[in-house]
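What follows is the content of upload.txt, which has compact mmCIF, C-alpha atoms:
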# COMPACT_ATOMS: atom_id res chain seq x y z
CA MET L 28 -1.71 20.35 -20.17
CA HIS L 29 -2.42 19.18 -16.63
CA LEU L 30 -5.11 16.84 -17.89
CA ILE L 31 -2.65 15.30 -20.34
CA LEU L 32 -0.06 14.81 -17.59
CA PHE L 33 -2.73 13.38 -15.29
CA LEU L 34 -3.80 10.91 -17.99
CA ILE L 35 -0.22 9.85 -18.81
CA PHE L 36 0.72 9.17 -15.20
CA GLY L 37 -2.70 7.65 -14.48
CA VAL L 38 -2.27 5.18 -17.32
CA ILE L 39 1.24 4.28 -16.10
CA CYS L 40 -0.19 3.84 -12.60
CA VAL L 41 -3.03 1.53 -13.67
CA ALA L 42 -0.71 -0.42 -15.98
CA GLY L 43 1.67 -1.01 -13.07
CA ALA L 44 -1.21 -2.11 -10.83
CA VAL L 45 -2.51 -4.56 -13.46
CA ASN L 46 1.02 -5.84 -14.06
CA LEU L 47 1.28 -6.52 -10.33
CA LEU L 48 -1.71 -8.83 -10.64
CA VAL L 49 -0.56 -10.54 -13.85
CA GLN L 50 3.05 -11.29 -12.90
CA ARG L 51 3.69 -14.62 -11.21
CA HIS L 52 7.08 -13.84 -9.71
CA PRO L 53 7.09 -11.70 -6.53
CA ILE L 54 10.10 -9.66 -7.69
CA SER L 55 8.24 -8.56 -10.84
CA SER L 56 5.23 -7.64 -8.72
CA ALA L 57 7.44 -5.61 -6.39
CA LEU L 58 9.04 -3.71 -9.27
CA SER L 59 5.65 -2.88 -10.81
CA LEU L 60 4.49 -1.67 -7.39
CA ILE L 61 7.48 0.72 -7.41
CA VAL L 62 6.26 2.02 -10.80
CA VAL L 63 2.80 2.60 -9.30
CA MET L 64 4.27 4.52 -6.37
CA GLY L 65 6.51 6.65 -8.57
CA SER L 66 3.68 7.69 -10.87
CA LEU L 67 1.49 8.39 -7.84
CA ALA L 68 4.20 10.76 -6.63
CA ALA L 69 3.87 12.58 -9.97
CA GLU L 70 0.10 12.79 -9.43
CA TYR L 71 0.70 14.33 -6.01
CA LEU L 72 3.00 16.90 -7.62
CA LEU L 73 0.22 17.74 -10.08
CA LEU L 74 -2.09 18.33 -7.12
CA GLY L 75 0.48 20.66 -5.61
CA ALA L 76 1.37 18.39 -2.70
CA GLU L 77 5.15 18.61 -2.91
CA PHE L 78 5.84 17.34 0.60
CA VAL L 79 3.63 14.28 0.14
CA ALA L 80 5.27 13.55 -3.23
CA ALA L 81 8.75 13.67 -1.69
CA VAL L 82 7.69 11.51 1.25
CA GLN L 83 6.03 9.06 -1.14
CA VAL L 84 9.27 8.58 -3.04
CA ILE L 85 11.47 8.44 0.06
CA ILE L 86 9.36 6.27 2.35
CA TYR L 87 7.20 4.18 0.04
CA ALA L 88 9.32 3.69 -3.06
CA GLY L 89 12.50 3.86 -1.04
CA ALA L 90 12.21 2.32 2.41
CA ILE L 91 9.17 0.06 2.27
CA MET L 92 9.85 -1.41 -1.16
CA VAL L 93 13.51 -2.02 -0.32
CA LEU L 94 12.26 -3.98 2.69
CA PHE L 95 9.95 -6.01 0.43
CA VAL L 96 12.64 -6.78 -2.15
CA PHE L 97 15.06 -7.64 0.65
CA VAL L 98 12.61 -10.16 2.15
CA ILE L 99 11.80 -11.66 -1.26
CA MET L 100 15.49 -12.23 -1.93
CA LEU L 101 16.14 -13.45 1.62
CA LEU L 102 13.42 -16.10 1.35
CA ASN L 103 14.39 -16.89 -2.26
CA ALA L 104 10.74 -16.75 -3.29
CA GLY L 105 10.06 -18.44 -6.62
CA GLU L 106 7.04 -18.34 -8.89
CA GLU L 107 3.78 -18.93 -7.13
CA GLU L 108 2.08 -22.22 -7.76
CA ARG L 109 -1.50 -22.58 -8.84
CA THR L 110 -3.78 -24.42 -6.45
CA LYS L 111 -7.48 -25.20 -6.26
CA GLY L 112 -8.07 -22.23 -4.02
CA SER L 113 -6.43 -19.86 -6.49
CA ARG L 114 -8.71 -21.06 -9.33
CA VAL L 115 -11.81 -20.44 -7.20
CA ALA L 116 -10.46 -17.02 -6.27
CA LEU L 117 -9.82 -16.22 -9.96
CA LEU L 118 -13.35 -17.32 -10.83
CA PHE L 119 -14.97 -15.02 -8.28
CA GLY L 120 -12.32 -12.37 -7.74
CA ILE L 121 -12.00 -10.91 -11.24
CA PRO L 122 -15.76 -10.50 -11.97
CA GLY L 123 -16.19 -9.12 -8.48
CA MET L 124 -13.40 -6.61 -9.02
CA LEU L 125 -14.78 -5.54 -12.41
CA ALA L 126 -18.30 -5.10 -11.00
CA GLY L 127 -16.97 -3.21 -7.99
CA SER L 128 -14.78 -0.84 -9.96
CA VAL L 129 -17.47 -0.14 -12.57
CA LEU L 130 -19.99 0.60 -9.81
CA MET L 131 -17.50 2.78 -7.95
CA GLY L 132 -16.52 4.68 -11.09
CA TRP L 133 -20.15 5.23 -12.07
CA VAL L 134 -21.11 6.52 -8.64
CA LEU L 135 -18.10 8.81 -8.47
CA LEU L 136 -18.59 10.22 -11.94
CA GLU L 137 -22.35 10.68 -11.49
CA HIS L 138 -22.72 11.91 -7.96
CA SER L 139 -19.52 13.71 -7.00
CA GLY L 140 -19.05 17.29 -7.87
CA THR L 141 -17.42 17.88 -11.22
CA GLU L 142 -15.62 21.03 -10.14
CA ALA L 143 -12.10 20.89 -11.41
CA VAL L 144 -9.16 20.83 -9.07
CA ALA L 145 -6.74 23.47 -10.20
CA ALA L 146 -3.26 22.10 -10.44
CA GLY L 147 -1.13 23.49 -7.68
CA ALA L 148 -4.26 25.00 -6.14
CA LEU L 149 -3.12 23.86 -2.77
CA PRO L 150 0.46 24.80 -2.08
CA GLY L 151 1.67 22.22 0.39
CA PRO L 152 4.98 23.63 1.50
CA PRO L 153 6.72 21.61 4.19
CA LYS L 154 6.65 24.64 6.51
CA VAL L 155 2.84 24.72 6.74
CA ILE L 156 2.58 20.96 7.04
CA GLY L 157 5.19 20.92 9.78
CA TRP L 158 3.28 23.63 11.63
CA LEU L 159 0.06 21.59 11.38
CA LEU L 160 1.88 18.44 12.43
CA PHE L 161 3.36 19.97 15.57
CA HIS L 162 0.38 22.08 16.63
CA ASP L 163 -2.97 20.68 15.53
CA PHE L 164 -1.87 17.08 15.22
CA LEU L 165 0.69 16.89 18.02
CA LEU L 166 -1.05 14.09 19.95
CA PRO L 167 -1.53 11.80 16.92
CA PHE L 168 2.09 12.49 15.97
CA GLU L 169 3.33 11.35 19.38
CA VAL L 170 1.03 8.32 19.25
CA THR L 171 2.54 7.30 15.91
CA SER L 172 6.00 7.47 17.43
CA VAL L 173 4.85 5.03 20.12
CA LEU L 174 3.34 2.86 17.37
CA ILE L 175 6.65 2.75 15.53
CA LEU L 176 8.47 1.80 18.72
CA ILE L 177 6.01 -1.06 19.28
CA ALA L 178 6.42 -2.13 15.63
CA ILE L 179 10.20 -2.21 15.94
CA MET L 180 10.05 -4.33 19.08
CA GLY L 181 7.44 -6.62 17.54
CA ALA L 182 9.50 -7.11 14.39
CA VAL L 183 12.61 -7.94 16.41
CA VAL L 184 10.71 -10.43 18.59
CA LEU L 185 8.94 -12.08 15.63
CA ALA L 186 11.98 -12.37 13.40
CA SER L 187 14.38 -13.58 16.08
CA ARG L 188 15.45 -17.21 15.97
CA PRO L 189 12.98 -19.59 17.65
CA GLU L 190 15.78 -21.62 19.31
CA SER L 191 16.37 -18.98 21.97
CA SER L 192 12.72 -19.09 23.07
CA GLN L 193 12.80 -22.89 23.22
CA GLU L 194 15.87 -22.78 25.42
CA THR L 195 14.19 -20.44 27.84
CA ARG L 196 11.16 -22.74 27.87
CA LYS L 197 13.34 -25.71 28.79
CA GLU L 198 15.02 -23.78 31.55
CA GLY L 199 11.70 -22.59 32.94
CA MET X 16 -7.68 21.64 -14.63
CA VAL X 17 -8.56 18.06 -13.79
CA PRO X 18 -11.98 17.26 -12.30
CA LEU X 19 -11.93 15.86 -8.78
CA SER X 20 -13.87 12.78 -9.86
CA TYR X 21 -11.03 11.71 -12.17
CA TYR X 22 -8.67 11.49 -9.23
CA LEU X 23 -11.29 9.58 -7.25
CA VAL X 24 -11.85 7.15 -10.12
CA LEU X 25 -8.09 6.55 -10.38
CA SER X 26 -7.88 5.90 -6.65
CA GLY X 27 -10.90 3.59 -6.91
CA ILE X 28 -9.25 1.62 -9.72
CA LEU X 29 -6.07 1.25 -7.66
CA PHE X 30 -8.09 0.11 -4.65
CA ALA X 31 -10.00 -2.43 -6.77
CA CYS X 32 -6.70 -3.78 -8.16
CA GLY X 33 -5.46 -4.16 -4.59
CA VAL X 34 -8.60 -6.04 -3.54
CA THR X 35 -8.31 -8.33 -6.57
CA GLY X 36 -4.66 -9.06 -5.84
CA PHE X 37 -5.59 -9.82 -2.25
CA LEU X 38 -8.19 -12.33 -3.47
CA ILE X 39 -6.47 -14.06 -6.39
CA LYS X 40 -2.83 -14.11 -5.33
CA ARG X 41 -1.51 -17.12 -3.44
CA ASN X 42 1.96 -15.84 -2.56
CA ILE X 43 1.88 -14.27 0.88
CA ILE X 44 4.34 -11.50 -0.09
CA THR X 45 2.28 -10.52 -3.14
CA ILE X 46 -0.85 -10.43 -0.97
CA PHE X 47 1.01 -8.07 1.32
CA MET X 48 1.96 -5.87 -1.64
CA SER X 49 -1.72 -5.73 -2.66
CA ILE X 50 -2.49 -4.26 0.75
CA GLU X 51 0.12 -1.56 0.11
CA LEU X 52 -1.56 -0.87 -3.23
CA MET X 53 -4.90 -0.35 -1.46
CA LEU X 54 -3.27 2.06 1.00
CA ASN X 55 -1.82 4.00 -1.94
CA GLY X 56 -5.24 4.30 -3.56
CA VAL X 57 -6.66 5.71 -0.35
CA ASN X 58 -3.74 8.17 -0.08
CA LEU X 59 -4.49 9.52 -3.55
CA SER X 60 -8.11 10.24 -2.59
CA PHE X 61 -6.89 11.94 0.60
CA VAL X 62 -4.63 14.30 -1.35
CA ALA X 63 -7.31 14.96 -4.00
CA PHE X 64 -9.86 15.92 -1.34
CA ALA X 65 -7.26 18.05 0.43
CA ALA X 66 -6.69 19.97 -2.80
CA HIS X 67 -10.43 20.21 -3.42
CA TRP X 68 -11.40 21.57 -0.01
CA HIS X 69 -8.21 23.61 0.46
CA ALA X 70 -7.55 21.81 3.74
CA LEU X 71 -3.98 20.78 4.43
CA SER X 72 -5.13 18.31 7.09
CA GLY X 73 -5.63 15.77 4.33
CA GLN X 74 -1.93 15.79 3.56
CA VAL X 75 -1.10 15.34 7.24
CA PHE X 76 -3.37 12.30 7.26
CA VAL X 77 -1.47 10.91 4.27
CA PHE X 78 1.66 11.25 6.38
CA PHE X 79 0.03 9.23 9.18
CA VAL X 80 -1.14 6.57 6.73
CA MET X 81 2.43 6.24 5.49
CA VAL X 82 3.76 5.85 9.02
CA VAL X 83 1.20 3.14 9.76
CA ALA X 84 2.06 1.44 6.45
CA ALA X 85 5.76 1.44 7.34
CA ALA X 86 5.06 -0.08 10.77
CA GLU X 87 2.74 -2.62 9.16
CA ALA X 88 5.38 -3.57 6.58
CA ALA X 89 8.02 -4.12 9.27
CA VAL X 90 5.79 -6.32 11.44
CA GLY X 91 4.17 -8.14 8.51
CA LEU X 92 7.46 -9.05 6.87
CA ALA X 93 8.75 -10.31 10.22
CA ILE X 94 5.65 -12.53 10.44
CA ILE X 95 6.28 -13.76 6.88
CA ILE X 96 9.87 -14.68 7.80
CA ALA X 97 8.62 -16.53 10.89
CA VAL X 98 6.02 -18.40 8.82
CA TYR X 99 8.61 -19.36 6.21
CA ARG X 100 10.94 -20.62 8.91
CA THR X 101 8.38 -23.04 10.31
CA ARG X 102 6.53 -24.01 7.10
CA GLU X 103 9.19 -23.69 4.38
CA THR X 104 6.55 -22.28 2.03
CA LEU X 105 5.07 -18.92 1.06
CA ASN X 106 1.84 -20.33 -0.36
CA VAL X 107 -1.11 -19.33 1.83
CA ASP X 108 -3.02 -22.48 0.89
CA ARG X 109 -0.32 -24.57 2.56
CA VAL X 110 -0.37 -22.54 5.74
CA ASN X 111 -3.56 -24.09 7.10
CA LEU X 112 -2.70 -25.31 10.58
CA LEU X 113 -2.43 -23.28 13.75
CA LYS X 114 -0.04 -25.76 15.40
CA LEU X 115 3.56 -26.01 14.31
Re-express the file's structure as structure tokens.
Amino acid sequence: MHLILFLIFGVICVAGAVNLLVQRHPISSALSLIVVMGSLAAEYLLLGAEFVAAVQVIIYAGAIMVLFVFVIMLLNAGEEERTKGSRVALLFGIPGMLAGSVLMGWVLLEHSGTEAVAAGALPGPPKVIGWLLFHDFLLPFEVTSVLILIAIMGAVVLASRPESSQETRKEG
Amino acid sequence: MVPLSYYLVLSGILFACGVTGFLIKRNIITIFMSIELMLNGVNLSFVAFAAHWHALSGQVFVFFVMVVAAAEAAVGLAIIIAVYRTRETLNVDRVNLLKL
């Protein structure tokens, strides 16, 4: 039963990822990326990681992808155009990707342990994760809050209108 | 019961798709989405290993990866908006000069 669910959501996941590569319009790519993230959340649930699944849906499929779609619509991005560089990249990128993924899959299937992961073997209740986060990982947690503060300031500075900086340059 | 290697193969496929998108795509926003796809592949292997070794630290690391991805998305999209404002294009092949 779990294997069937894993296969169904895995196929949806890979189909979304391939669709992201095939589509030419950024909005279509963004929507297929949302499909990938949603089916990954289902995979996390199969592994028993409820907290991670919820955070995946809320932060990734919710916040980050809304930001992406917002920027795509703000910039009115159309279909991407083919250039010489993209043909060269197609020529080398796709065989390279196939070779890499076949090699990776072969190594993983041959040399990693084949012990099965029991579904829900690892109960990941938010209580335990919160305890870990605020005891064992307190310093990294605080560092990430500083990182987010820096990211907010950087985003505001980068996205602000360039006229204001030119004015200050003239004054100075 | 799903073998651990299946999860790792799925995460490897997702990572390879992300690398391919990074290489073959010419739209800067799609390239950025490919990076998110790679991060998602890595997250799946983190959770699979956490379930395999019965260590919840793996899930905490997924949380940190998500935080870094959110910060990266905010800053990266701001950079994309700044690039579009000066260049009027999203094609990376046309963004080939350091000066304005």
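Across the model, the gap from atom CA of L:Gly132 to atom CA of X:Val24 is 5.4 Å.
A straight line drawn from atom CA of L:Leu176 to atom CA of X:Ala86 is 8.9 Å long.
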Open item on the list: Calculated over all atoms listed in the file, which of the candidates L:Pro53, L:Leu30, L:Leu74, L:Ile35 has the smallest distance to X:Leu59?
Closed with: L:Leu74
Open item on the list: Which residues are near L:Ile54? Cut-off 12 Å, all atoms listed in the file, ignore same chain within fewer than 5 positions. Put them as a PyMOL selection string.
Closed with: (chain L and resi 46-47+59-61+92-93+95-107) or (chain X and resi 42+44-45+48)
Open item on the list: Can you pull out the residues contacting X:Val90? Cut-off 9 Å, using all atoms listed in the file, and skip same-chain residues under 6 positions away; I want them as a PyMOL selection string.
Closed with: chain L and resi 178-183+185-186
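Across X:Ala31, X:Val98, X:Leu38, X:Leu23, the tightest approach to L:Leu117 is made by X:Leu38 when counting all atoms listed in the file.
Checking L:Val38, L:Ala126, L:Ile85, L:Leu135 one by one against chain X, counting all atoms listed in the file, you find the shortest gap at L:Leu135.
For the choices X:Leu19, X:Ala88, X:Asn58, X:Lys40, the atom-to-atom distance to X:Val107 is smallest for X:Lys40 when using only C-alpha atoms.
A straight line drawn from atom CA of X:Ala66 to atom CA of X:Tyr21 is 13.2 Å long.
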TODO: Would you mind telling me which residue in L:Glu108, L:Phe33, L:Met131, L:Gly123 lies nearest to X:Leu105 when using all atoms listed in the file?
DONE: L:Glu108
Task: Protein/DNA/RNA residues near (-10.4, -0.7, -2.6), cut 10 Å, all atoms listed in the file, as a ChimeraX atom specification - done: /L:124,127-128,131 /X:26-35,50,52-57
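Of the listed residues X:Phe47, X:Lys114, X:Ala93, X:Thr101, the one whose atoms come nearest to chain L is X:Ala93, with distances taken using all atoms listed in the file.
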Enclosing box along x, y and z for every listed atom of stretch 26-31 of chain X, padded 5 Å each side, centre and size in Å, one decimal, as lines of an AutoDock Vina configuration file:
center_x = -8.5
center_y = 1.7
center_z = -7.2
size_x = 14.8
size_y = 18.3
size_z = 15.1
Task: Distance query stretch 68-81 of chain X at most 9 Å, all atoms listed in the file, self and fewer than 2 positions along chain excluded, as a PyMOL selection string - done: (chain L and resi 76+78-79+82-83+86-87+148-151+155-157+159-160+164+167-168+171) or (chain X and resi 54-55+57-59+61-66+83-86)
